[in-house]
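Take a look at the structure set out below.
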Amino acid sequence: MFPDDGGSPATDPLTGHLFEAEETLLRSSTAWPLTGKSRFSLSPDSSNTLKNPPQDCSHISAAGIVVAHNEDLLTQILLCLPPKSLIRFQCVSRGWLSIISNPSFRRLYCGSSNTRALILFRKIWRSCPELKFISFSDEYASSMETAISHLSSNFFTDGEITDLHSCNGLVAVVLKLSHGSREFAVYNPTTSQHRLIPQLNLLEDRHPFVALNIAFDPLKSDHYKLVCVWLGPPTMRIMNVNYGFSIYESETGTWRDSGDIFEIDYAHSPTHFRNGVLWNGCLHWITHWKAIVCFDLDKEDANFTLPSPPVSMEHSEIWYFGESGGCMYFIDINNPGEMLFDIFELASGCSEWVLKYHLNLAPLTILYPSMVDEEFDHSDDWLCRFWLTYFVEDENEKKARLVISLPGKVILYDINDTVVKVLAEVGPTDTDDGCRDYIYQWKDAYPIMKTLAYV
C-alpha cells in the first residue's frame, strides 16, 4: 500500500522531491574532451490553412487572425505549450483538435524536448521501494512532480511496485498484488493515463519471471512494445542459463513469444536483464563482464553484435551504461585512488568505443568529503560512497552533465563548466541487513520526456 500524496519528502518512504538553486563553481578543470528548421504540414495537400477557422473574428486582432488561419505558424506555437495546456486546447475547435491529435504533431512534440528531469527508482533488499522526482530547473518541478506522485500513490493501491522501466516518456511498472500474483501496467506521466496489461501466461514454476522492459520510439511510431524476459529450460551446460523473450504490442494488445532462446554463460549474465537501453531499434543490456546483449525488436532475437567497451580495471563496477542524444555511452573507473573516470562513446558504424572525456572527480571530494569512505582503499572502487546515476550530453548547448548521488544529496555536475548544482536532499534508507554500501546509490535513472502518446 502506498502513502498518500500529502506525505512530505522527509517522511514519505516512496517518493519525494526538493529542488535547490545552489550552485558551486569548481576552479580547477576536472574534465577535458578528447574530441534549418523543417516545414511542418498536417494536410496531404499543399494548403496550410485551417479547415475550420473562427467565423466571427471581430474581437480578434489582425495578428490573431493570421495565426488562426496559418496552420504552420499555429503548429509552431502549440509545440511550445506544456502538455496539460495542449490537452485542454483540443476542445477549442475541430481544427485545433485535428492538429494536436495528429500523430505527426505528437511525434514532433516529443522530439522537441530535452532532458530536464529524471525519475529515480531503487529497491533495496528488505526495504520499501523508493521513487524520486529530480528536476534540473525549478520551473519544471511543479508540473511533473504531481504526475510522479500519482504514479506512486493513487491508482496502484492494490499492490507494491517491485520494478519499473521507462523509455522516451512512457513507464512500464511491475506490480506485486496483495495475493502474491504479478501484474504489469504502462503509465504516461505527461497525460496521467495508464493501462493495465493483459496477463502473460507464464508458468512461474517452469519459466520464472526475470524482468520487464518497455521500448517506445515516438519518432517512428505511436505504439510501444513490452519485452518480458523469463528463465528458459535448463541447458546441457552446467554453467549456462537460457533466457526467453515475450513481446507485447500496444497496437494489437496481445502477447507472443519470440521463439528465440538465448543461452549465456552464467558468469556473463546481465543483471537480471533490467534497464534495457533502446538504441538503433534494439534493447541493450550490459553484462557484469562488460559484454553487450542486443535484442532486435524487429527480428525478435538476442545476440552479441556490439563490441565490448574497453575496461581499465578488471572486475570493476559498471558505473554507467546508457544513451543520450542518440549516442551510446559507457563510463568506467580509470583510477579509484585519484578518482579518475573515462567516458566512452560508441563510434558511428558501431565498430569501436571512443574515449570522449577523461574525468577527474577529486575536486568534488573536497566539496563533499562524504563521497569517499573513511576506510577508502585506493585499489577498490567499492568504497567510493557515491554513484554516477545519469549522464546527459546536449550537442546543441555543447554541454555534458553528470547526475551524481552521494550520501544525503543528489547533485548535477556540469563537466564543461565545472559547476555543481544541488538537485535534492535525500534522507537515509532504512535497511535491516546492514546494506550501508547501497543507501546512497540511485542506479536506476530515467529521463522524463513529454509525450502525448496513448497508452
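Ordering of the C-alpha cells sets the chain letters (A, B, ...); residue numbers start at 1 within each chain; ligands are numbered from 1 in the order shown.
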All residues 8 Å or closer to A:Val210, only C-alpha atoms, same chain fewer than 4 positions away omitted, as a list of chain:residue names: A:Cys228, A:Val229, A:Trp230, A:Leu231, A:His272, A:Phe273
A:Ser308 surroundings by only C-alpha atoms, 9 Å radius, close-in-sequence under 6 positions cut, as JSON, numbers by chain: {"A": [286, 289, 290, 291, 292, 352, 353]}
Atom CA of A:Leu388 to atom CA of A:Ile331, straight-line distance in Å: 8.5 Å
Can you list, as a short mmCIF file (atom, residue, chain, number, x, y, z; two decimals) with N, CA, C and O atoms, in the first residue's frame, all residues belonging to stretch 257-369 of chain A that DSSP tags as strand (DSSP E)?
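So the final result, stored in out.cif, reads:
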data_model
loop_
_atom_site.label_atom_id
_atom_site.label_comp_id
_atom_site.auth_asym_id
_atom_site.auth_seq_id
_atom_site.Cartn_x
_atom_site.Cartn_y
_atom_site.Cartn_z
N ASP A 257 5.35 -15.07 -27.89
CA ASP A 257 6.73 -15.47 -27.62
C ASP A 257 7.58 -15.23 -28.85
O ASP A 257 7.14 -15.43 -29.99
N SER A 258 8.82 -14.79 -28.63
CA SER A 258 9.71 -14.52 -29.76
C SER A 258 10.16 -15.81 -30.44
O SER A 258 10.54 -15.79 -31.61
N GLY A 259 10.13 -16.92 -29.70
CA GLY A 259 10.62 -18.19 -30.25
C GLY A 259 12.12 -18.34 -30.16
O GLY A 259 12.68 -19.38 -30.53
N ASP A 260 12.80 -17.31 -29.64
CA ASP A 260 14.26 -17.33 -29.53
C ASP A 260 14.66 -17.61 -28.09
O ASP A 260 14.22 -16.95 -27.16
N ILE A 261 15.48 -18.64 -27.90
CA ILE A 261 16.04 -18.96 -26.59
C ILE A 261 17.50 -18.53 -26.60
O ILE A 261 18.29 -19.00 -27.43
N PHE A 262 17.85 -17.63 -25.71
CA PHE A 262 19.20 -17.07 -25.67
C PHE A 262 19.99 -17.74 -24.55
O PHE A 262 19.64 -17.63 -23.38
N GLU A 263 21.06 -18.43 -24.92
CA GLU A 263 21.89 -19.12 -23.94
C GLU A 263 23.13 -18.30 -23.66
O GLU A 263 23.79 -17.79 -24.57
N ILE A 264 23.46 -18.15 -22.39
CA ILE A 264 24.58 -17.32 -21.99
C ILE A 264 25.27 -17.94 -20.79
O ILE A 264 24.63 -18.59 -19.95
N ASP A 265 26.57 -17.76 -20.72
CA ASP A 265 27.35 -18.20 -19.57
C ASP A 265 26.84 -17.46 -18.34
O ASP A 265 26.70 -16.23 -18.37
N VAL A 277 18.48 -0.48 -22.62
CA VAL A 277 18.71 0.81 -23.28
C VAL A 277 18.26 0.68 -24.74
O VAL A 277 18.81 -0.13 -25.49
N LEU A 278 17.27 1.48 -25.12
CA LEU A 278 16.78 1.46 -26.50
C LEU A 278 17.68 2.32 -27.37
O LEU A 278 17.85 3.51 -27.12
N TRP A 279 18.24 1.71 -28.39
CA TRP A 279 19.12 2.43 -29.32
C TRP A 279 19.16 1.67 -30.64
O TRP A 279 19.35 0.46 -30.67
N CYS A 282 17.06 -1.54 -31.11
CA CYS A 282 17.33 -2.71 -30.27
C CYS A 282 17.35 -2.29 -28.80
O CYS A 282 17.66 -1.14 -28.47
N LEU A 283 17.00 -3.23 -27.93
CA LEU A 283 17.22 -3.07 -26.50
C LEU A 283 18.58 -3.64 -26.16
O LEU A 283 18.95 -4.72 -26.65
N HIS A 284 19.32 -2.93 -25.31
CA HIS A 284 20.68 -3.34 -24.97
C HIS A 284 20.83 -3.48 -23.47
O HIS A 284 20.33 -2.64 -22.71
N TRP A 285 21.52 -4.53 -23.05
CA TRP A 285 21.89 -4.73 -21.66
C TRP A 285 23.39 -5.00 -21.60
O TRP A 285 23.94 -5.66 -22.48
N ILE A 286 24.04 -4.54 -20.55
CA ILE A 286 25.46 -4.81 -20.39
C ILE A 286 25.66 -5.82 -19.27
O ILE A 286 24.99 -5.74 -18.22
N ILE A 292 27.87 -6.80 -24.25
CA ILE A 292 26.59 -6.14 -24.50
C ILE A 292 25.65 -7.10 -25.23
O ILE A 292 25.97 -7.61 -26.31
N VAL A 293 24.50 -7.34 -24.63
CA VAL A 293 23.46 -8.17 -25.23
C VAL A 293 22.47 -7.27 -25.95
O VAL A 293 21.99 -6.29 -25.37
N CYS A 294 22.19 -7.57 -27.21
CA CYS A 294 21.25 -6.77 -28.01
C CYS A 294 20.03 -7.63 -28.36
O CYS A 294 20.17 -8.76 -28.82
N PHE A 295 18.85 -7.07 -28.15
CA PHE A 295 17.62 -7.74 -28.56
C PHE A 295 17.00 -6.92 -29.67
O PHE A 295 16.53 -5.80 -29.45
N ASP A 296 17.00 -7.47 -30.88
CA ASP A 296 16.46 -6.79 -32.05
C ASP A 296 14.93 -6.85 -31.99
O ASP A 296 14.34 -7.92 -32.00
N ASP A 301 15.21 -11.39 -31.81
CA ASP A 301 16.22 -12.33 -31.34
C ASP A 301 17.33 -11.57 -30.62
O ASP A 301 17.50 -10.36 -30.79
N ALA A 302 18.08 -12.28 -29.77
CA ALA A 302 19.15 -11.69 -28.98
C ALA A 302 20.50 -12.13 -29.52
O ALA A 302 20.65 -13.24 -30.04
N ASN A 303 21.50 -11.24 -29.37
CA ASN A 303 22.83 -11.54 -29.89
C ASN A 303 23.86 -10.63 -29.23
O ASN A 303 23.54 -9.74 -28.46
N TYR A 320 28.23 3.31 -15.42
CA TYR A 320 27.10 3.86 -16.19
C TYR A 320 27.10 3.24 -17.59
O TYR A 320 28.16 3.04 -18.20
N PHE A 321 25.89 2.95 -18.08
CA PHE A 321 25.69 2.47 -19.44
C PHE A 321 24.34 2.99 -19.90
O PHE A 321 23.32 2.70 -19.29
N GLY A 322 24.35 3.82 -20.95
CA GLY A 322 23.09 4.40 -21.37
C GLY A 322 23.20 5.18 -22.66
O GLY A 322 24.25 5.18 -23.33
N GLU A 323 22.10 5.85 -23.00
CA GLU A 323 22.01 6.60 -24.26
C GLU A 323 21.67 8.05 -23.97
O GLU A 323 20.94 8.36 -23.04
N SER A 324 22.23 8.95 -24.77
CA SER A 324 21.92 10.36 -24.66
C SER A 324 22.15 11.02 -26.01
O SER A 324 23.21 10.85 -26.62
N CYS A 327 23.30 8.79 -28.94
CA CYS A 327 24.59 8.09 -28.84
C CYS A 327 24.61 7.20 -27.60
O CYS A 327 23.94 7.48 -26.61
N MET A 328 25.41 6.13 -27.68
CA MET A 328 25.57 5.22 -26.55
C MET A 328 26.83 5.60 -25.78
O MET A 328 27.87 5.90 -26.38
N TYR A 329 26.72 5.53 -24.43
CA TYR A 329 27.84 5.91 -23.58
C TYR A 329 28.09 4.84 -22.52
O TYR A 329 27.17 4.16 -22.07
N PHE A 330 29.36 4.73 -22.14
CA PHE A 330 29.78 3.81 -21.10
C PHE A 330 30.82 4.53 -20.24
O PHE A 330 31.73 5.17 -20.76
N ILE A 331 30.65 4.46 -18.91
CA ILE A 331 31.60 5.11 -18.00
C ILE A 331 32.30 4.04 -17.17
O ILE A 331 31.66 3.19 -16.56
N ASP A 332 33.62 4.13 -17.16
CA ASP A 332 34.44 3.16 -16.44
C ASP A 332 35.38 3.91 -15.51
O ASP A 332 35.83 5.03 -15.83
N ILE A 333 35.70 3.31 -14.38
CA ILE A 333 36.65 3.93 -13.46
C ILE A 333 38.06 3.64 -13.95
O ILE A 333 38.40 2.51 -14.32
N ASN A 334 38.88 4.67 -14.00
CA ASN A 334 40.25 4.54 -14.51
C ASN A 334 41.24 4.35 -13.38
O ASN A 334 42.12 3.50 -13.44
N ASN A 335 41.08 5.16 -12.33
CA ASN A 335 41.99 5.09 -11.18
C ASN A 335 41.22 5.49 -9.93
O ASN A 335 40.99 6.67 -9.70
N LEU A 340 39.64 9.07 -10.99
CA LEU A 340 39.65 9.30 -12.43
C LEU A 340 38.67 8.35 -13.11
O LEU A 340 38.65 7.15 -12.83
N PHE A 341 37.86 8.89 -14.04
CA PHE A 341 36.88 8.10 -14.78
C PHE A 341 37.03 8.40 -16.27
O PHE A 341 37.42 9.50 -16.66
N ASP A 342 36.68 7.41 -17.08
CA ASP A 342 36.68 7.57 -18.53
C ASP A 342 35.26 7.43 -19.06
O ASP A 342 34.53 6.50 -18.69
N ILE A 343 34.88 8.35 -19.94
CA ILE A 343 33.57 8.30 -20.59
C ILE A 343 33.78 7.95 -22.06
O ILE A 343 34.43 8.69 -22.80
N PHE A 344 33.23 6.80 -22.47
CA PHE A 344 33.39 6.31 -23.84
C PHE A 344 32.10 6.48 -24.61
O PHE A 344 31.00 6.34 -24.07
N GLU A 345 32.22 6.75 -25.90
CA GLU A 345 31.08 6.86 -26.81
C GLU A 345 31.23 5.83 -27.92
O GLU A 345 32.33 5.63 -28.45
N LEU A 346 30.11 5.17 -28.25
CA LEU A 346 30.15 4.19 -29.33
C LEU A 346 30.24 4.93 -30.66
O LEU A 346 29.40 5.76 -30.99
N TRP A 353 34.52 1.64 -29.33
CA TRP A 353 34.22 2.66 -28.33
C TRP A 353 35.35 3.67 -28.30
O TRP A 353 36.52 3.30 -28.22
N VAL A 354 34.99 4.96 -28.37
CA VAL A 354 35.97 6.03 -28.43
C VAL A 354 35.94 6.82 -27.13
O VAL A 354 34.86 7.16 -26.62
N LEU A 355 37.13 7.13 -26.59
CA LEU A 355 37.21 7.91 -25.37
C LEU A 355 36.76 9.34 -25.63
O LEU A 355 37.34 10.05 -26.46
N LYS A 356 35.68 9.79 -24.94
CA LYS A 356 35.12 11.11 -25.17
C LYS A 356 35.58 12.10 -24.10
O LYS A 356 35.92 13.24 -24.41
N TYR A 357 35.60 11.68 -22.84
CA TYR A 357 36.04 12.55 -21.76
C TYR A 357 36.91 11.75 -20.79
O TYR A 357 36.64 10.56 -20.53
N HIS A 358 37.90 12.43 -20.24
CA HIS A 358 38.67 11.90 -19.12
C HIS A 358 38.32 12.76 -17.92
O HIS A 358 38.57 13.97 -17.92
N LEU A 359 37.72 12.17 -16.92
CA LEU A 359 37.05 12.90 -15.85
C LEU A 359 37.79 12.74 -14.53
O LEU A 359 38.09 11.62 -14.11
N ASN A 360 38.05 13.86 -13.88
CA ASN A 360 38.69 13.87 -12.56
C ASN A 360 37.70 14.39 -11.53
O ASN A 360 37.34 15.57 -11.55
#
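Our summary of the geometry notes that atom CA of A:Asp298 is positioned 7.6 Å from atom CA of A:Gly281.
Here atom CA of A:Ile448 stands at a distance of 18.2 Å from atom CA of A:Lys225.
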Test item: residues at most 8 Å from A:Ser250, only C-alpha atoms, excluding those fewer than 3 positions along its chain, as a PyMOL selection string: chain A and resi 223-225+253-254+455
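Nearest to A:Cys350 of all the residues A:Pro218, A:Pro198, A:Gly232, A:Pro307 is A:Pro307, based on only C-alpha atoms.
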Residues of stretch 90-332 of chain A in alpha helix (DSSP H), written as a count of residues only: 29
Would you pick out the contacts of A:Tyr109 at 9 Å or less, using only C-alpha atoms, so that residues sharing its chain but fewer than 4 positions from it are not included, and give the list as a CSV table (one decimal) with all heavy atoms, in the first residue's frame?
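Result file follows (around-v6.csv):
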chain,number,residue,atom,x,y,z
A,78,LEU,N,1.9,25.9,-30.8
A,78,LEU,CA,1.4,24.8,-29.9
A,78,LEU,C,2.5,24.0,-29.5
A,78,LEU,O,2.5,23.4,-28.3
A,78,LEU,CB,0.4,24.0,-30.7
A,78,LEU,CG,-0.9,24.7,-31.0
A,78,LEU,CD1,-1.8,23.8,-31.9
A,78,LEU,CD2,-1.7,25.1,-29.8
A,79,LEU,N,3.6,23.8,-30.2
A,79,LEU,CA,4.7,23.0,-29.8
A,79,LEU,C,5.4,23.5,-28.6
A,79,LEU,O,6.1,22.8,-27.9
A,79,LEU,CB,5.7,22.8,-31.0
A,79,LEU,CG,5.3,21.9,-32.1
A,79,LEU,CD1,6.3,22.0,-33.3
A,79,LEU,CD2,5.2,20.5,-31.6
A,80,CYS,N,5.2,24.8,-28.3
A,80,CYS,CA,5.9,25.5,-27.2
A,80,CYS,C,5.1,25.4,-25.9
A,80,CYS,O,5.6,25.8,-24.8
A,80,CYS,CB,6.2,27.0,-27.5
A,80,CYS,SG,7.3,27.2,-28.9
A,104,SER,N,1.7,13.0,-36.4
A,104,SER,CA,2.9,13.7,-36.8
A,104,SER,C,3.2,14.8,-35.8
A,104,SER,O,4.4,15.1,-35.4
A,104,SER,CB,2.7,14.3,-38.2
A,104,SER,OG,2.5,13.3,-39.1
A,105,PHE,N,2.2,15.5,-35.3
A,105,PHE,CA,2.4,16.6,-34.3
A,105,PHE,C,2.9,16.0,-33.0
A,105,PHE,O,3.8,16.5,-32.4
A,105,PHE,CB,1.1,17.3,-34.1
A,105,PHE,CG,1.2,18.4,-33.0
A,105,PHE,CD1,1.6,19.6,-33.3
A,105,PHE,CD2,0.8,18.0,-31.7
A,105,PHE,CE1,1.7,20.6,-32.2
A,105,PHE,CE2,0.9,19.0,-30.7
A,105,PHE,CZ,1.4,20.3,-30.9
A,113,SER,N,11.7,18.0,-27.0
A,113,SER,CA,12.0,18.2,-25.6
A,113,SER,C,13.4,17.7,-25.3
A,113,SER,O,13.9,16.7,-25.9
A,113,SER,CB,11.0,17.4,-24.7
A,113,SER,OG,11.1,16.0,-25.0
A,450,LYS,N,8.3,14.7,-22.3
A,450,LYS,CA,6.9,14.9,-22.5
A,450,LYS,C,6.4,14.2,-23.8
A,450,LYS,O,7.1,14.2,-24.8
A,450,LYS,CB,6.6,16.4,-22.7
A,450,LYS,CG,7.4,17.1,-23.8
A,450,LYS,CD,7.2,18.6,-23.9
A,450,LYS,CE,7.9,19.2,-25.0
A,450,LYS,NZ,7.7,20.7,-25.1
A,451,THR,N,5.3,13.5,-23.7
A,451,THR,CA,4.7,12.8,-24.8
A,451,THR,C,3.2,12.7,-24.6
A,451,THR,O,2.7,12.5,-23.5
A,451,THR,CB,5.3,11.3,-24.9
A,451,THR,OG1,4.6,10.6,-26.0
A,451,THR,CG2,5.1,10.5,-23.7
A,452,LEU,N,2.5,12.8,-25.7
A,452,LEU,CA,1.1,12.8,-25.8
A,452,LEU,C,0.6,11.4,-26.2
A,452,LEU,O,-0.6,11.2,-26.5
A,452,LEU,CB,0.5,13.8,-26.6
A,452,LEU,CG,0.8,15.3,-26.3
A,452,LEU,CD1,0.3,16.3,-27.3
A,452,LEU,CD2,0.3,15.6,-24.9
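You can rank A:Arg274, A:Arg195, A:Lys123, A:Arg206 by their closest distance to A:His165 using only C-alpha atoms, and at the top of that list sits A:Arg274.
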